[in-house]
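Below is one structure, written out as structure tokens; comments come after it.
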Amino acid sequence: MLSIGEFARLAGVSVRMLRHYDQLALLRPQRVDPHSGYRSYAAAQLARANQLVGLKELGFTLEQVGVLLDGELSEGEVIALMRARRDALREQLAADRHRLAALEARLRSIEKENPMSDYIEKPLPALTLAQLTVRIEEMSEVEEEMSSMFQRVNALIGDRPRLGPGVATYAPDGDGMIAAAAEQVGPDETPDGLEAGRLAAVDKALTVRYAGADLSGIQQAWQGLVAEVEARGLTPTGTCREVYDVTPFDGAGAGWSVDLQQPVA
């Protein structure tokens, strides 16, 4: 028989956790001295301890661990539980990758390493667009929504000629914004399933070019652009644009080159 301390060392858990597992009936000691209350474990119980620790490290709750250890589920139910945990881990990994990209972009911003050109004041041309729009209330929705919408827009346009690069637009709408994913087409070339859109010409806008392997720093680029607008004594107005002059979909090895355009007064 092994003392609780010896068993804890071999199982790689703390004595406190062994007592907790005992209280939850997940891992009972082989023997409890009726006088001293000392717990003793059999070496054969290490197999269950290893299973318990392994399932817990996979992220299962202790309640789920107990059900799995005691064989109360059918094979199909075990598979379903494992798949649900796998899907949750995939979602967590995707969220962590997004957070990592945001953190790296923030670091670049702090270190003044965002790949941006100089700020330029210029007029903006009128554009005729075929687009999809959505109302967005949370900025975290932008990347996922826009990527999906651009895929749908381009699928519906197909082989129709484009008159220029893809364009994303953002127009204030109360506490949120109306975002559009659009391609430049002729006046009568909007296919079924897309909205015909038109951006009026703008006399004056402040612009900056963002270039990078990905778009993780584009939010900081927009912040820098708006700060420059304020520093020049200008006022943001109207619908701002992102013009995607170069994208990774244009050819092997291509990154992003995006002209950020903020109309000003």
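Chain identifiers are assigned as A, B, and so on, following the order in which chains appear in the structure tokens; residues are numbered from 1 within each chain, and ligands are numbered from 1 in order of appearance.
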
Report as CSV the residues of range 193-262 of chain A within 8 Å of range 163-179 of chain A, each with its shortest atom pair and distance in Å (one decimal), using only C-alpha atoms, ordered by chain and increasing residue number.
residue,atom,partner,partner_atom,distance
A:Gly238,CA,A:Ala171,CA,6.6
A:Thr239,CA,A:Ala171,CA,4.6
A:Cys240,CA,A:Tyr170,CA,5.5
A:Arg241,CA,A:Thr169,CA,4.6
A:Glu242,CA,A:Ala168,CA,5.0
A:Val243,CA,A:Val167,CA,4.6
A:Tyr244,CA,A:Gly166,CA,5.4
A:Asp245,CA,A:Pro165,CA,5.5
A:Val246,CA,A:Pro165,CA,8.0

DSSP on the backbone, helix (DSSP H, G or I) only: what residues of range 1-192 of chain A does that give? Format it as a ChimeraX atom specification.
/A:4-11,15-23,43-57,62-69,75-110,139-157

Export of prior selection with C-alpha atoms as an mmCIF file, in the first residue's frame:
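This went into again21.cif:
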data_model
loop_
_atom_site.group_PDB
_atom_site.id
_atom_site.type_symbol
_atom_site.label_atom_id
_atom_site.label_comp_id
_atom_site.auth_asym_id
_atom_site.auth_seq_id
_atom_site.Cartn_x
_atom_site.Cartn_y
_atom_site.Cartn_z
ATOM 1 C CA ILE A 4 -1.286 9.480 0.133
ATOM 2 C CA GLY A 5 1.973 11.422 -0.217
ATOM 3 C CA GLU A 6 3.694 8.598 -2.108
ATOM 4 C CA PHE A 7 0.686 8.065 -4.353
ATOM 5 C CA ALA A 8 0.427 11.806 -5.065
ATOM 6 C CA ARG A 9 4.087 11.914 -6.114
ATOM 7 C CA LEU A 10 3.748 8.919 -8.430
ATOM 8 C CA ALA A 11 0.486 10.172 -9.957
ATOM 9 C CA VAL A 15 -2.284 15.633 -1.885
ATOM 10 C CA ARG A 16 -4.955 18.314 -1.773
ATOM 11 C CA MET A 17 -6.291 17.223 -5.174
ATOM 12 C CA LEU A 18 -6.319 13.564 -4.125
ATOM 13 C CA ARG A 19 -8.499 14.516 -1.156
ATOM 14 C CA HIS A 20 -10.738 16.479 -3.536
ATOM 15 C CA TYR A 21 -11.045 13.507 -5.898
ATOM 16 C CA ASP A 22 -11.951 11.343 -2.922
ATOM 17 C CA GLN A 23 -14.740 13.753 -1.926
ATOM 18 C CA ALA A 43 -0.351 0.743 -6.933
ATOM 19 C CA ALA A 44 -3.042 -0.647 -9.246
ATOM 20 C CA GLN A 45 -5.000 2.611 -8.747
ATOM 21 C CA LEU A 46 -2.317 4.584 -10.603
ATOM 22 C CA ALA A 47 -3.915 3.545 -13.909
ATOM 23 C CA ARG A 48 -7.186 5.262 -12.954
ATOM 24 C CA ALA A 49 -5.250 8.258 -11.630
ATOM 25 C CA ASN A 50 -3.423 8.560 -14.963
ATOM 26 C CA GLN A 51 -6.717 8.394 -16.869
ATOM 27 C CA LEU A 52 -8.219 11.030 -14.597
ATOM 28 C CA VAL A 53 -5.287 13.400 -15.030
ATOM 29 C CA GLY A 54 -5.183 12.827 -18.793
ATOM 30 C CA LEU A 55 -8.882 13.560 -19.285
ATOM 31 C CA LYS A 56 -8.660 16.620 -17.059
ATOM 32 C CA GLU A 57 -5.716 17.952 -19.087
ATOM 33 C CA LEU A 62 -14.564 16.644 -13.426
ATOM 34 C CA GLU A 63 -18.186 15.620 -13.865
ATOM 35 C CA GLN A 64 -17.437 14.479 -17.426
ATOM 36 C CA VAL A 65 -14.264 12.752 -16.238
ATOM 37 C CA GLY A 66 -16.259 10.757 -13.695
ATOM 38 C CA VAL A 67 -18.745 9.613 -16.323
ATOM 39 C CA LEU A 68 -15.958 8.602 -18.693
ATOM 40 C CA LEU A 69 -13.980 6.760 -16.036
ATOM 41 C CA GLU A 75 -19.260 4.140 -27.342
ATOM 42 C CA GLY A 76 -21.276 6.572 -29.452
ATOM 43 C CA GLU A 77 -21.749 8.925 -26.503
ATOM 44 C CA VAL A 78 -18.010 8.827 -25.730
ATOM 45 C CA ILE A 79 -17.201 9.645 -29.356
ATOM 46 C CA ALA A 80 -19.702 12.518 -29.336
ATOM 47 C CA LEU A 81 -18.183 13.889 -26.136
ATOM 48 C CA MET A 82 -14.666 13.627 -27.554
ATOM 49 C CA ARG A 83 -15.694 15.338 -30.792
ATOM 50 C CA ALA A 84 -17.374 18.166 -28.911
ATOM 51 C CA ARG A 85 -14.189 18.709 -26.927
ATOM 52 C CA ARG A 86 -12.112 18.579 -30.119
ATOM 53 C CA ASP A 87 -14.324 21.242 -31.726
ATOM 54 C CA ALA A 88 -14.063 23.433 -28.641
ATOM 55 C CA LEU A 89 -10.265 23.160 -28.732
ATOM 56 C CA ARG A 90 -10.234 24.110 -32.425
ATOM 57 C CA GLU A 91 -12.333 27.193 -31.692
ATOM 58 C CA GLN A 92 -10.022 28.095 -28.834
ATOM 59 C CA LEU A 93 -6.959 27.723 -31.074
ATOM 60 C CA ALA A 94 -8.542 29.952 -33.723
ATOM 61 C CA ALA A 95 -9.378 32.562 -31.092
ATOM 62 C CA ASP A 96 -5.842 32.379 -29.691
ATOM 63 C CA ARG A 97 -4.345 32.816 -33.172
ATOM 64 C CA HIS A 98 -6.523 35.885 -33.649
ATOM 65 C CA ARG A 99 -5.432 37.291 -30.280
ATOM 66 C CA LEU A 100 -1.776 36.605 -31.138
ATOM 67 C CA ALA A 101 -2.095 38.443 -34.461
ATOM 68 C CA ALA A 102 -3.775 41.373 -32.701
ATOM 69 C CA LEU A 103 -1.046 41.438 -30.057
ATOM 70 C CA GLU A 104 1.710 41.425 -32.678
ATOM 71 C CA ALA A 105 -0.029 44.223 -34.554
ATOM 72 C CA ARG A 106 -0.321 46.247 -31.350
ATOM 73 C CA LEU A 107 3.373 45.728 -30.648
ATOM 74 C CA ARG A 108 4.242 46.917 -34.145
ATOM 75 C CA SER A 109 2.088 49.961 -33.587
ATOM 76 C CA ILE A 110 3.779 50.769 -30.279
ATOM 77 C CA MET A 139 -15.567 45.510 -34.443
ATOM 78 C CA SER A 140 -14.677 41.877 -33.764
ATOM 79 C CA GLU A 141 -17.266 40.947 -36.394
ATOM 80 C CA VAL A 142 -15.618 42.921 -39.194
ATOM 81 C CA GLU A 143 -12.900 40.506 -40.323
ATOM 82 C CA GLU A 144 -15.110 37.409 -40.436
ATOM 83 C CA GLU A 145 -18.066 39.202 -42.043
ATOM 84 C CA MET A 146 -16.020 40.973 -44.714
ATOM 85 C CA SER A 147 -14.056 37.879 -45.707
ATOM 86 C CA SER A 148 -17.253 35.876 -46.138
ATOM 87 C CA MET A 149 -18.994 38.658 -48.068
ATOM 88 C CA PHE A 150 -16.067 39.172 -50.469
ATOM 89 C CA GLN A 151 -16.107 35.445 -51.260
ATOM 90 C CA ARG A 152 -19.815 35.607 -52.070
ATOM 91 C CA VAL A 153 -19.467 38.818 -54.096
ATOM 92 C CA ASN A 154 -16.704 37.394 -56.263
ATOM 93 C CA ALA A 155 -18.514 34.093 -56.724
ATOM 94 C CA LEU A 156 -21.617 35.922 -58.002
ATOM 95 C CA ILE A 157 -19.658 38.268 -60.271
#

Find the residues around Ser3 in chain A up to 9 Å (only C-alpha atoms counted), leave out those fewer than 5 positions away in its own chain, and share them as a PyMOL selection string.
chain A and resi 8+38-42

Keeping all heavy atoms for every residue in the selection just given, could you write it to a file as a short mmCIF file (atom, residue, chain, number, x, y, z; two decimals), in the first residue's frame?
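Once written, selection06.cif looks like this:
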data_model
loop_
_atom_site.label_atom_id
_atom_site.label_comp_id
_atom_site.auth_asym_id
_atom_site.auth_seq_id
_atom_site.Cartn_x
_atom_site.Cartn_y
_atom_site.Cartn_z
N ALA A 8 0.51 10.50 -4.42
CA ALA A 8 0.43 11.81 -5.07
C ALA A 8 1.67 12.05 -5.92
O ALA A 8 1.58 12.54 -7.05
CB ALA A 8 0.27 12.90 -4.02
N TYR A 38 -5.88 8.25 8.03
CA TYR A 38 -4.88 8.22 6.96
C TYR A 38 -5.39 7.42 5.78
O TYR A 38 -5.95 6.33 5.93
CB TYR A 38 -3.57 7.61 7.47
CG TYR A 38 -2.80 8.51 8.43
CD1 TYR A 38 -1.82 7.97 9.26
CD2 TYR A 38 -3.04 9.88 8.49
CE1 TYR A 38 -1.10 8.78 10.14
CE2 TYR A 38 -2.34 10.70 9.36
CZ TYR A 38 -1.38 10.15 10.19
OH TYR A 38 -0.68 10.95 11.05
N ARG A 39 -5.16 7.98 4.58
CA ARG A 39 -5.57 7.32 3.34
C ARG A 39 -4.39 6.52 2.78
O ARG A 39 -3.26 6.99 2.76
CB ARG A 39 -6.04 8.35 2.30
CG ARG A 39 -7.29 9.13 2.71
CD ARG A 39 -7.49 10.29 1.74
NE ARG A 39 -8.78 10.94 1.88
CZ ARG A 39 -9.04 11.90 2.76
NH1 ARG A 39 -8.09 12.32 3.61
NH2 ARG A 39 -10.23 12.45 2.82
N SER A 40 -4.69 5.34 2.27
CA SER A 40 -3.69 4.50 1.61
C SER A 40 -4.23 4.08 0.26
O SER A 40 -5.44 3.87 0.09
CB SER A 40 -3.37 3.26 2.45
OG SER A 40 -2.86 3.63 3.71
N TYR A 41 -3.32 3.98 -0.71
CA TYR A 41 -3.71 3.65 -2.08
C TYR A 41 -2.93 2.43 -2.56
O TYR A 41 -1.80 2.19 -2.13
CB TYR A 41 -3.43 4.82 -3.02
CG TYR A 41 -4.28 6.04 -2.76
CD1 TYR A 41 -3.95 6.93 -1.74
CD2 TYR A 41 -5.41 6.31 -3.53
CE1 TYR A 41 -4.73 8.05 -1.48
CE2 TYR A 41 -6.19 7.44 -3.29
CZ TYR A 41 -5.85 8.30 -2.27
OH TYR A 41 -6.62 9.41 -2.01
N ALA A 42 -3.55 1.70 -3.48
CA ALA A 42 -2.89 0.56 -4.10
C ALA A 42 -2.19 1.02 -5.37
O ALA A 42 -2.66 1.93 -6.06
CB ALA A 42 -3.90 -0.53 -4.43
#

Which residues come within 6 Å of range 185-193 of chain A, counting only C-alpha atoms, excluding same-chain residues fewer than 3 positions away, as a ChimeraX atom specification?
/A:129-130,162-163,196

Please report the interatomic distance between CA of Glu183 in chain A and CA of Leu234 in chain A in Å with one decimal.
29.2 Å

Where does DSSP see strand (DSSP E) in range 46-182 of chain A, if you list the residues as a compact mmCIF listing (two decimals) with all heavy atoms, in the first residue's frame?
# COMPACT_ATOMS: atom_id res chain seq x y z
N ILE A 120 -1.46 61.23 -47.34
CA ILE A 120 -1.63 62.03 -48.56
C ILE A 120 -3.05 62.58 -48.60
O ILE A 120 -4.02 61.83 -48.39
CB ILE A 120 -1.36 61.18 -49.82
CG1 ILE A 120 0.07 60.64 -49.81
CG2 ILE A 120 -1.64 61.98 -51.09
CD1 ILE A 120 0.35 59.66 -50.93
N GLU A 121 -3.18 63.87 -48.87
CA GLU A 121 -4.49 64.47 -49.11
C GLU A 121 -4.77 64.41 -50.61
O GLU A 121 -3.94 64.81 -51.42
CB GLU A 121 -4.52 65.92 -48.62
CG GLU A 121 -4.53 66.05 -47.11
CD GLU A 121 -4.73 67.49 -46.65
OE1 GLU A 121 -5.34 68.27 -47.42
OE2 GLU A 121 -4.26 67.83 -45.55
N LYS A 122 -5.95 63.91 -50.97
CA LYS A 122 -6.29 63.82 -52.39
C LYS A 122 -7.80 63.68 -52.55
O LYS A 122 -8.50 63.26 -51.61
CB LYS A 122 -5.58 62.63 -53.03
CG LYS A 122 -6.02 61.27 -52.48
CD LYS A 122 -5.22 60.13 -53.14
CE LYS A 122 -5.69 58.77 -52.64
NZ LYS A 122 -4.89 57.66 -53.22
N PRO A 123 -8.34 63.97 -53.73
CA PRO A 123 -9.76 63.71 -54.00
C PRO A 123 -9.97 62.23 -54.29
O PRO A 123 -9.03 61.51 -54.64
CB PRO A 123 -10.04 64.55 -55.24
CG PRO A 123 -8.72 64.65 -55.93
CD PRO A 123 -7.68 64.67 -54.84
N LEU A 124 -11.20 61.77 -54.14
CA LEU A 124 -11.53 60.38 -54.42
C LEU A 124 -12.54 60.32 -55.57
O LEU A 124 -13.47 61.13 -55.62
CB LEU A 124 -12.13 59.70 -53.18
CG LEU A 124 -11.28 59.72 -51.91
CD1 LEU A 124 -12.03 59.03 -50.77
CD2 LEU A 124 -9.94 59.05 -52.13
N LEU A 127 -17.35 55.78 -57.66
CA LEU A 127 -17.21 54.35 -57.97
C LEU A 127 -18.58 53.72 -58.15
O LEU A 127 -19.52 54.02 -57.40
CB LEU A 127 -16.47 53.63 -56.84
CG LEU A 127 -15.04 54.09 -56.51
CD1 LEU A 127 -14.50 53.27 -55.34
CD2 LEU A 127 -14.13 53.98 -57.72
N THR A 128 -18.69 52.86 -59.14
CA THR A 128 -19.90 52.06 -59.35
C THR A 128 -19.60 50.64 -58.87
O THR A 128 -18.62 50.03 -59.33
CB THR A 128 -20.31 52.05 -60.83
OG1 THR A 128 -20.51 53.40 -61.27
CG2 THR A 128 -21.58 51.26 -61.02
N LEU A 129 -20.44 50.12 -57.98
CA LEU A 129 -20.10 48.89 -57.27
C LEU A 129 -21.21 47.85 -57.35
O LEU A 129 -22.40 48.19 -57.46
CB LEU A 129 -19.83 49.20 -55.80
CG LEU A 129 -18.79 50.29 -55.48
CD1 LEU A 129 -18.83 50.62 -54.00
CD2 LEU A 129 -17.41 49.83 -55.90
N ALA A 130 -20.80 46.60 -57.26
CA ALA A 130 -21.71 45.49 -56.98
C ALA A 130 -21.29 44.98 -55.60
O ALA A 130 -20.13 44.63 -55.39
CB ALA A 130 -21.56 44.40 -58.03
N GLN A 131 -22.23 44.96 -54.64
CA GLN A 131 -21.82 44.79 -53.25
C GLN A 131 -22.82 43.99 -52.43
O GLN A 131 -23.96 43.77 -52.81
CB GLN A 131 -21.64 46.17 -52.61
CG GLN A 131 -22.94 46.97 -52.54
CD GLN A 131 -22.73 48.38 -52.02
OE1 GLN A 131 -21.64 48.94 -52.08
NE2 GLN A 131 -23.79 48.98 -51.50
N LEU A 132 -22.31 43.57 -51.28
CA LEU A 132 -23.13 43.05 -50.19
C LEU A 132 -22.88 43.93 -48.98
O LEU A 132 -21.74 44.36 -48.75
CB LEU A 132 -22.77 41.60 -49.86
CG LEU A 132 -23.19 40.53 -50.87
CD1 LEU A 132 -22.61 39.18 -50.48
CD2 LEU A 132 -24.71 40.43 -50.97
N THR A 133 -23.92 44.20 -48.20
CA THR A 133 -23.77 45.05 -47.02
C THR A 133 -24.26 44.33 -45.78
O THR A 133 -25.08 43.40 -45.86
CB THR A 133 -24.54 46.37 -47.19
OG1 THR A 133 -25.95 46.08 -47.35
CG2 THR A 133 -24.05 47.17 -48.38
N VAL A 134 -23.76 44.76 -44.64
CA VAL A 134 -24.19 44.21 -43.37
C VAL A 134 -24.04 45.29 -42.31
O VAL A 134 -23.14 46.14 -42.41
CB VAL A 134 -23.36 42.96 -42.99
CG1 VAL A 134 -21.90 43.32 -42.73
CG2 VAL A 134 -23.94 42.26 -41.77
N ARG A 135 -24.92 45.28 -41.32
CA ARG A 135 -24.77 46.20 -40.20
C ARG A 135 -23.94 45.52 -39.13
O ARG A 135 -24.22 44.39 -38.72
CB ARG A 135 -26.12 46.61 -39.61
CG ARG A 135 -25.99 47.74 -38.58
CD ARG A 135 -27.33 48.19 -38.03
NE ARG A 135 -27.19 49.42 -37.30
CZ ARG A 135 -26.75 49.51 -36.03
NH1 ARG A 135 -26.41 48.40 -35.38
NH2 ARG A 135 -26.64 50.68 -35.43
N ILE A 136 -22.90 46.19 -38.68
CA ILE A 136 -21.97 45.64 -37.70
C ILE A 136 -22.00 46.51 -36.44
O ILE A 136 -21.93 47.73 -36.51
CB ILE A 136 -20.53 45.59 -38.27
CG1 ILE A 136 -20.46 44.55 -39.38
CG2 ILE A 136 -19.52 45.27 -37.19
CD1 ILE A 136 -19.13 44.48 -40.08
N GLY A 166 -10.95 45.53 -55.59
CA GLY A 166 -12.03 45.39 -54.62
C GLY A 166 -12.01 46.53 -53.61
O GLY A 166 -10.97 47.13 -53.33
N VAL A 167 -13.20 46.82 -53.06
CA VAL A 167 -13.36 47.96 -52.16
C VAL A 167 -14.22 47.54 -50.97
O VAL A 167 -15.26 46.89 -51.14
CB VAL A 167 -14.04 49.15 -52.87
CG1 VAL A 167 -14.19 50.33 -51.91
CG2 VAL A 167 -13.25 49.56 -54.10
N ALA A 168 -13.80 47.90 -49.78
CA ALA A 168 -14.64 47.78 -48.58
C ALA A 168 -15.00 49.18 -48.14
O ALA A 168 -14.16 50.09 -48.19
CB ALA A 168 -13.92 47.05 -47.46
N THR A 169 -16.24 49.39 -47.74
CA THR A 169 -16.66 50.71 -47.27
C THR A 169 -17.29 50.58 -45.89
O THR A 169 -17.87 49.54 -45.55
CB THR A 169 -17.67 51.35 -48.23
OG1 THR A 169 -18.90 50.60 -48.24
CG2 THR A 169 -17.10 51.43 -49.65
N TYR A 170 -17.17 51.64 -45.12
CA TYR A 170 -17.71 51.68 -43.77
C TYR A 170 -18.39 53.02 -43.55
O TYR A 170 -17.76 54.08 -43.65
CB TYR A 170 -16.59 51.49 -42.74
CG TYR A 170 -15.78 50.24 -42.96
CD1 TYR A 170 -14.58 50.29 -43.67
CD2 TYR A 170 -16.20 49.01 -42.48
CE1 TYR A 170 -13.83 49.14 -43.90
CE2 TYR A 170 -15.46 47.86 -42.70
CZ TYR A 170 -14.28 47.93 -43.41
OH TYR A 170 -13.54 46.79 -43.64
N ALA A 171 -19.71 52.98 -43.27
CA ALA A 171 -20.48 54.20 -43.05
C ALA A 171 -21.10 54.16 -41.66
O ALA A 171 -21.69 53.15 -41.28
CB ALA A 171 -21.57 54.33 -44.11
N PRO A 172 -20.95 55.24 -40.87
CA PRO A 172 -21.55 55.25 -39.53
C PRO A 172 -23.05 55.04 -39.59
O PRO A 172 -23.73 55.51 -40.51
CB PRO A 172 -21.21 56.67 -39.02
CG PRO A 172 -20.07 57.14 -39.87
CD PRO A 172 -20.27 56.50 -41.21
N ASP A 173 -23.58 54.30 -38.59
CA ASP A 173 -25.02 54.06 -38.51
C ASP A 173 -25.40 53.94 -37.04
O ASP A 173 -25.42 52.84 -36.49
CB ASP A 173 -25.40 52.79 -39.28
CG ASP A 173 -26.90 52.54 -39.30
OD1 ASP A 173 -27.65 53.47 -39.65
OD2 ASP A 173 -27.32 51.43 -38.94
N GLY A 176 -23.52 51.64 -34.53
CA GLY A 176 -22.78 50.67 -35.33
C GLY A 176 -22.32 51.27 -36.63
O GLY A 176 -22.08 52.47 -36.75
N MET A 177 -22.21 50.42 -37.64
CA MET A 177 -21.80 50.88 -38.96
C MET A 177 -22.38 49.96 -40.02
O MET A 177 -22.71 48.80 -39.74
CB MET A 177 -20.28 50.92 -39.08
CG MET A 177 -19.63 49.55 -39.13
SD MET A 177 -17.86 49.59 -39.47
CE MET A 177 -17.27 50.30 -37.93
N ILE A 178 -22.52 50.49 -41.23
CA ILE A 178 -22.89 49.68 -42.38
C ILE A 178 -21.61 49.39 -43.15
O ILE A 178 -20.94 50.31 -43.63
CB ILE A 178 -23.90 50.40 -43.29
CG1 ILE A 178 -25.17 50.75 -42.50
CG2 ILE A 178 -24.24 49.51 -44.48
CD1 ILE A 178 -25.92 49.56 -41.95
N ALA A 179 -21.25 48.12 -43.24
CA ALA A 179 -20.05 47.71 -43.94
C ALA A 179 -20.44 47.06 -45.25
O ALA A 179 -21.44 46.33 -45.32
CB ALA A 179 -19.23 46.75 -43.09
N ALA A 180 -19.66 47.33 -46.29
CA ALA A 180 -19.94 46.74 -47.60
C ALA A 180 -18.68 46.11 -48.17
O ALA A 180 -17.59 46.68 -48.04
CB ALA A 180 -20.47 47.81 -48.57
N ALA A 181 -18.84 44.95 -48.77
CA ALA A 181 -17.78 44.30 -49.55
C ALA A 181 -18.18 44.43 -51.01
O ALA A 181 -19.27 43.99 -51.39
CB ALA A 181 -17.63 42.84 -49.15
N ALA A 182 -17.33 45.04 -51.82
CA ALA A 182 -17.76 45.40 -53.17
C ALA A 182 -16.66 45.20 -54.20
O ALA A 182 -15.47 45.23 -53.88
CB ALA A 182 -18.22 46.86 -53.18

Using only C-alpha atoms, which residues sit within 12 Å of Tyr210 in chain A once same-chain residues fewer than 6 positions away are excluded, as a PyMOL selection string?
chain A and resi 113-119+216-222+224-225+242-247+255-261

Take the residues just selected and output them with C-alpha atoms as a tab-separated table (two decimals), in the first residue's frame.
chain	number	residue	atom	x	y	z
A	113	GLU	CA	6.82	49.46	-37.18
A	114	ASN	CA	3.45	49.42	-38.94
A	115	PRO	CA	4.14	49.17	-42.68
A	116	MET	CA	2.49	52.43	-43.79
A	117	SER	CA	3.39	55.10	-46.29
A	118	ASP	CA	3.08	58.85	-45.77
A	119	TYR	CA	-0.33	60.48	-45.35
A	216	SER	CA	-3.45	42.19	-38.59
A	217	GLY	CA	-2.20	45.79	-38.36
A	218	ILE	CA	-4.92	47.47	-40.37
A	219	GLN	CA	-6.93	48.58	-37.33
A	220	GLN	CA	-3.87	50.37	-35.94
A	221	ALA	CA	-3.30	51.89	-39.39
A	222	TRP	CA	-6.82	53.32	-39.30
A	224	GLY	CA	-3.05	56.40	-37.03
A	225	LEU	CA	-4.92	57.87	-40.01
A	242	GLU	CA	-10.41	50.47	-48.18
A	243	VAL	CA	-9.17	49.90	-51.71
A	244	TYR	CA	-7.41	46.53	-52.07
A	245	ASP	CA	-4.82	47.26	-54.76
A	246	VAL	CA	-2.90	44.05	-54.05
A	247	THR	CA	-4.11	40.93	-52.22
A	255	GLY	CA	0.77	40.18	-49.65
A	256	TRP	CA	-1.58	43.09	-49.07
A	257	SER	CA	-1.42	46.67	-50.30
A	258	VAL	CA	-4.48	48.61	-49.19
A	259	ASP	CA	-5.21	52.30	-49.63
A	260	LEU	CA	-7.09	53.54	-46.56
A	261	GLN	CA	-9.21	56.56	-47.49
